[in-house]
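Heads up: the structure comes next, in C-alpha cells.
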Amino acid sequence: MMKEKIEKMSREISSLSDTIRAIEEKMGADDITFLQNYKSTVERAQCTLQDPERVYWGFINRERHLGSLKFRVWQKMSNIVQCTPVTLDPNTAHTDLILSEDLTSARYVEDNPERFDKQRSVLGSENFNSGTHCWDVEVGENTWWGVGVLTESSQRKGNCTSMSGLWYVFYKDSKYGAHAPPQPPTLLTVKQKLQRIRVQLDWDRGELSFSDPDNNTHLHSLTHTFTERVFPYFNVGCSLSPLRILPVSPQ
C-alpha cells in the first residue's frame, strides 16, 4: 500500500512540476504575449490535486517484529551458515593437493611433472592435546584415501605412513585397513562401500575410533597414551573426488 501511494504521489509531483515549468515559460514571454495568454495561464495554474489522504495504520505489532529478535535472527542464520569441526592447514598440504577455498576439502591433481614428494597428505589446522573431538569426512568415490591423526613432532618428509606417530584408516586397492606404524596394517571387513568416515578422538583416554556414520557401524579402534598434540590427518591419492570435511550444526 505504501509503495502504491508513493508511486501515485511521484506521478502527481511530476505533473505539477511540468505545469510550473510551463507557466514560468509563459511568464517569461513579452508583455503582449503574456496578456494574450493570461486567461489560459490562470486556468492552468489552478491546482486540482488533493492533499494526500491520511491513513490510520493503528499500532504496529512490535512483538511480531522485535520479540526475541536476536534469537530469530540466529535461528535463520543457523540454516544458512555451516560450521566444520576441523579445517585443513594449507601450509602442510602436499603440492599435488588442491584445497577448497573454505579449507574443508582436498583434491588430488595427477600428472603434474613440476611437483613431487612422497605422501599426498594434509593436516587439519586445529590441533588437540586434551578432550574429546569428532569430525566426519566424506570420501565419496575416492579409490585411495587415508584419514586419522598425526602427532605434532612426526616427520612430514618422506614416507611418513611407515613412521610412528600416525594412526589412520585407509582405502587402497579396493581394500580397507587400519595402520599404526611401525606395526603392520590391519585389514578391515567392510560390507558396503563407505561414503563417509567418522573420526572420534578421546585424547585423555588415549582412544581413537573410526565408524561409518551412515550405518552407525564401528570400523576400528586404536589405543595410545598421547603425550603431545595431534593433528587431523588426511591422505588422498585419487582424482575422482575430493576428501571433504562435513559441516556440523552450530550449537
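Ordering of the C-alpha cells sets the chain letters (A, B, ...); residue numbers start at 1 within each chain; ligands are numbered from 1 in the order shown.
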Go through stretch 138-219 of chain A residue by residue and, counting only C-alpha atoms, keep those with an atom at most 8 Å from stretch 128-133 of chain A; for each kept residue give the shortest atom pair and its distance in Å to one decimal, ordered by chain and increasing number, as a Markdown table.
| residue | atom | partner | partner_atom | distance |
| --- | --- | --- | --- | --- |
| A:Gln200 | CA | A:His133 | CA | 5.8 |
| A:Leu201 | CA | A:His133 | CA | 5.1 |
| A:Asp202 | CA | A:Thr132 | CA | 4.4 |
| A:Trp203 | CA | A:Ser130 | CA | 5.2 |
| A:Asp204 | CA | A:Ser130 | CA | 5.6 |
For the residues in that selection, give me N, CA and C atoms as a PDB file, in the first residue's frame.
ATOM      1  N   GLN A 200      36.622 -40.235  15.847  1.00  0.00           N
ATOM      2  CA  GLN A 200      36.348 -39.819  17.223  1.00  0.00           C
ATOM      3  C   GLN A 200      37.620 -39.990  18.047  1.00  0.00           C
ATOM      4  N   LEU A 201      38.076 -38.874  18.595  1.00  0.00           N
ATOM      5  CA  LEU A 201      39.312 -38.853  19.364  1.00  0.00           C
ATOM      6  C   LEU A 201      39.020 -38.516  20.816  1.00  0.00           C
ATOM      7  N   ASP A 202      39.460 -39.388  21.710  1.00  0.00           N
ATOM      8  CA  ASP A 202      39.437 -39.095  23.150  1.00  0.00           C
ATOM      9  C   ASP A 202      40.892 -39.025  23.592  1.00  0.00           C
ATOM     10  N   TRP A 203      41.441 -37.823  23.564  1.00  0.00           N
ATOM     11  CA  TRP A 203      42.869 -37.636  23.813  1.00  0.00           C
ATOM     12  C   TRP A 203      43.236 -38.074  25.228  1.00  0.00           C
ATOM     13  N   ASP A 204      42.411 -37.717  26.195  1.00  0.00           N
ATOM     14  CA  ASP A 204      42.726 -38.008  27.598  1.00  0.00           C
ATOM     15  C   ASP A 204      42.764 -39.512  27.864  1.00  0.00           C
TER      16      ASP A 204
END
Can you tell me, as an NGL selection string, which residues in stretch 15-228 of chain A count as strand (DSSP E or B) by DSSP? :A and (83 or 88-89 or 97-99 or 105-108 or 121-124 or 128 or 132-138 or 145-151 or 166-172 or 175-179 or 186-188 or 196-202 or 207-212 or 217-223)
Residues just named, written with C-alpha atoms as a PDB file, in the first residue's frame:
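Saved file again10.pdb follows:
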ATOM      1  CA  CYS A  83      30.390 -24.900  10.616  1.00  0.00           C
ATOM      2  CA  LEU A  88      42.735 -28.011   6.636  1.00  0.00           C
ATOM      3  CA  ASP A  89      46.114 -26.347   7.059  1.00  0.00           C
ATOM      4  CA  LEU A  97      46.704 -31.445  -3.476  1.00  0.00           C
ATOM      5  CA  ILE A  98      44.332 -28.566  -4.177  1.00  0.00           C
ATOM      6  CA  LEU A  99      42.382 -27.327  -1.168  1.00  0.00           C
ATOM      7  CA  SER A 105      38.220 -30.427   1.162  1.00  0.00           C
ATOM      8  CA  ALA A 106      41.377 -31.687  -0.562  1.00  0.00           C
ATOM      9  CA  ARG A 107      41.558 -32.854  -4.166  1.00  0.00           C
ATOM     10  CA  TYR A 108      44.412 -34.719  -5.811  1.00  0.00           C
ATOM     11  CA  SER A 121      48.708 -35.538   2.614  1.00  0.00           C
ATOM     12  CA  VAL A 122      47.429 -32.541   4.504  1.00  0.00           C
ATOM     13  CA  LEU A 123      46.842 -31.806   8.183  1.00  0.00           C
ATOM     14  CA  GLY A 124      43.974 -30.035   9.863  1.00  0.00           C
ATOM     15  CA  PHE A 128      44.263 -31.285  20.124  1.00  0.00           C
ATOM     16  CA  THR A 132      37.149 -35.371  23.025  1.00  0.00           C
ATOM     17  CA  HIS A 133      36.741 -34.407  19.390  1.00  0.00           C
ATOM     18  CA  CYS A 134      34.803 -35.728  16.412  1.00  0.00           C
ATOM     19  CA  TRP A 135      34.671 -34.986  12.686  1.00  0.00           C
ATOM     20  CA  ASP A 136      33.110 -36.643   9.637  1.00  0.00           C
ATOM     21  CA  VAL A 137      34.932 -36.962   6.323  1.00  0.00           C
ATOM     22  CA  GLU A 138      33.163 -37.593   3.029  1.00  0.00           C
ATOM     23  CA  TRP A 145      42.446 -42.280   0.824  1.00  0.00           C
ATOM     24  CA  GLY A 146      43.560 -42.224   4.454  1.00  0.00           C
ATOM     25  CA  VAL A 147      42.029 -40.494   7.475  1.00  0.00           C
ATOM     26  CA  GLY A 148      43.335 -40.278  11.035  1.00  0.00           C
ATOM     27  CA  VAL A 149      45.613 -38.220  13.303  1.00  0.00           C
ATOM     28  CA  LEU A 150      49.309 -37.349  13.338  1.00  0.00           C
ATOM     29  CA  THR A 151      51.438 -36.148  16.242  1.00  0.00           C
ATOM     30  CA  LEU A 166      50.444 -41.695  12.829  1.00  0.00           C
ATOM     31  CA  TRP A 167      47.158 -43.563  13.330  1.00  0.00           C
ATOM     32  CA  TYR A 168      44.699 -43.862  10.462  1.00  0.00           C
ATOM     33  CA  VAL A 169      42.297 -45.981   8.443  1.00  0.00           C
ATOM     34  CA  PHE A 170      42.708 -46.225   4.686  1.00  0.00           C
ATOM     35  CA  TYR A 171      41.215 -47.482   1.442  1.00  0.00           C
ATOM     36  CA  LYS A 172      43.568 -48.663  -1.289  1.00  0.00           C
ATOM     37  CA  LYS A 175      40.769 -52.896   0.486  1.00  0.00           C
ATOM     38  CA  TYR A 176      40.052 -51.183   3.786  1.00  0.00           C
ATOM     39  CA  GLY A 177      42.608 -51.191   6.554  1.00  0.00           C
ATOM     40  CA  ALA A 178      43.907 -49.574   9.734  1.00  0.00           C
ATOM     41  CA  HIS A 179      47.521 -48.680  10.363  1.00  0.00           C
ATOM     42  CA  THR A 186      45.281 -54.489   9.760  1.00  0.00           C
ATOM     43  CA  LEU A 187      42.727 -55.286   7.062  1.00  0.00           C
ATOM     44  CA  LEU A 188      39.126 -54.375   7.909  1.00  0.00           C
ATOM     45  CA  ARG A 196      31.748 -41.193   4.980  1.00  0.00           C
ATOM     46  CA  ILE A 197      34.149 -41.814   7.847  1.00  0.00           C
ATOM     47  CA  ARG A 198      33.633 -40.573  11.392  1.00  0.00           C
ATOM     48  CA  VAL A 199      36.778 -39.953  13.438  1.00  0.00           C
ATOM     49  CA  GLN A 200      36.348 -39.819  17.223  1.00  0.00           C
ATOM     50  CA  LEU A 201      39.312 -38.853  19.364  1.00  0.00           C
ATOM     51  CA  ASP A 202      39.437 -39.095  23.150  1.00  0.00           C
ATOM     52  CA  GLU A 207      41.348 -43.727  22.278  1.00  0.00           C
ATOM     53  CA  LEU A 208      40.897 -43.195  18.553  1.00  0.00           C
ATOM     54  CA  SER A 209      37.925 -44.841  16.855  1.00  0.00           C
ATOM     55  CA  PHE A 210      36.579 -44.899  13.328  1.00  0.00           C
ATOM     56  CA  SER A 211      32.999 -45.623  12.280  1.00  0.00           C
ATOM     57  CA  ASP A 212      30.546 -45.439   9.392  1.00  0.00           C
ATOM     58  CA  THR A 217      28.762 -49.145  12.275  1.00  0.00           C
ATOM     59  CA  HIS A 218      32.005 -49.308  14.221  1.00  0.00           C
ATOM     60  CA  LEU A 219      35.036 -49.948  11.984  1.00  0.00           C
ATOM     61  CA  HIS A 220      38.141 -49.937  14.170  1.00  0.00           C
ATOM     62  CA  SER A 221      39.642 -48.537  17.362  1.00  0.00           C
ATOM     63  CA  LEU A 222      43.228 -47.700  18.250  1.00  0.00           C
ATOM     64  CA  THR A 223      44.651 -47.014  21.696  1.00  0.00           C
TER      65      THR A 223
END
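By chain and then residue number, the residues within 12 Å of A:Cys47 are Glu12, Ile13, Ser15, Leu16, Ser17, Thr19, Ile20, Thr41, Val42, Glu43, Arg44, Gln50 and Asp51 of chain A, counting only C-alpha atoms and disregarding those fewer than 3 positions away in sequence.
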For A:Thr143, which residue out of A:Val236, A:Gln75, A:Pro213, A:Asn91 is the nearest one, using only C-alpha atoms?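 Among the listed residues, the smallest separation from A:Thr143 belongs to A:Val236.
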Using only C-alpha atoms, can you tell me which of A:Ser78, A:Ser239, A:Thr227, A:Ser10 comes closest to A:Glu141?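 Closest to A:Glu141, using only C-alpha atoms: A:Ser239.
The two atoms in question, atom CA of A:Ser153 and atom CA of A:Pro185, are spaced 21.7 Å apart.
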What parts of stretch 91-212 of chain A does DSSP call helix (DSSP H, G or I)? I'd like the answer as JSON, numbers by chain. {"A": [91, 92, 160, 161, 162]}
Those selected residues, please, written with all heavy atoms and delivered as an mmCIF file, in the first residue's frame.
data_model
loop_
_atom_site.group_PDB
_atom_site.id
_atom_site.type_symbol
_atom_site.label_atom_id
_atom_site.label_comp_id
_atom_site.auth_asym_id
_atom_site.auth_seq_id
_atom_site.Cartn_x
_atom_site.Cartn_y
_atom_site.Cartn_z
ATOM 1 N N ASN A 91 49.469 -24.904 4.794
ATOM 2 C CA ASN A 91 50.928 -24.915 4.928
ATOM 3 C C ASN A 91 51.490 -26.328 4.990
ATOM 4 O O ASN A 91 52.691 -26.533 4.764
ATOM 5 C CB ASN A 91 51.347 -24.146 6.183
ATOM 6 C CG ASN A 91 51.051 -22.666 6.079
ATOM 7 O OD1 ASN A 91 51.045 -22.100 4.994
ATOM 8 N ND2 ASN A 91 50.782 -22.033 7.210
ATOM 9 N N THR A 92 50.636 -27.298 5.306
ATOM 10 C CA THR A 92 51.108 -28.683 5.406
ATOM 11 C C THR A 92 50.726 -29.515 4.199
ATOM 12 O O THR A 92 51.109 -30.689 4.110
ATOM 13 C CB THR A 92 50.527 -29.350 6.661
ATOM 14 O OG1 THR A 92 49.106 -29.452 6.529
ATOM 15 C CG2 THR A 92 50.856 -28.542 7.910
ATOM 16 N N CYS A 160 55.957 -40.902 5.470
ATOM 17 C CA CYS A 160 55.521 -40.771 6.853
ATOM 18 C C CYS A 160 54.544 -41.859 7.259
ATOM 19 O O CYS A 160 54.316 -42.087 8.455
ATOM 20 C CB CYS A 160 54.911 -39.393 7.093
ATOM 21 S SG CYS A 160 53.379 -39.096 6.193
ATOM 22 N N THR A 161 53.948 -42.558 6.287
ATOM 23 C CA THR A 161 52.976 -43.601 6.633
ATOM 24 C C THR A 161 53.640 -44.832 7.227
ATOM 25 O O THR A 161 52.951 -45.754 7.675
ATOM 26 C CB THR A 161 52.165 -44.016 5.393
ATOM 27 O OG1 THR A 161 53.065 -44.476 4.371
ATOM 28 C CG2 THR A 161 51.355 -42.848 4.871
ATOM 29 N N SER A 162 54.966 -44.886 7.229
ATOM 30 C CA SER A 162 55.675 -46.018 7.839
ATOM 31 C C SER A 162 56.334 -45.618 9.150
ATOM 32 O O SER A 162 57.044 -46.421 9.750
ATOM 33 C CB SER A 162 56.729 -46.570 6.865
ATOM 34 O OG SER A 162 57.712 -45.580 6.585
#
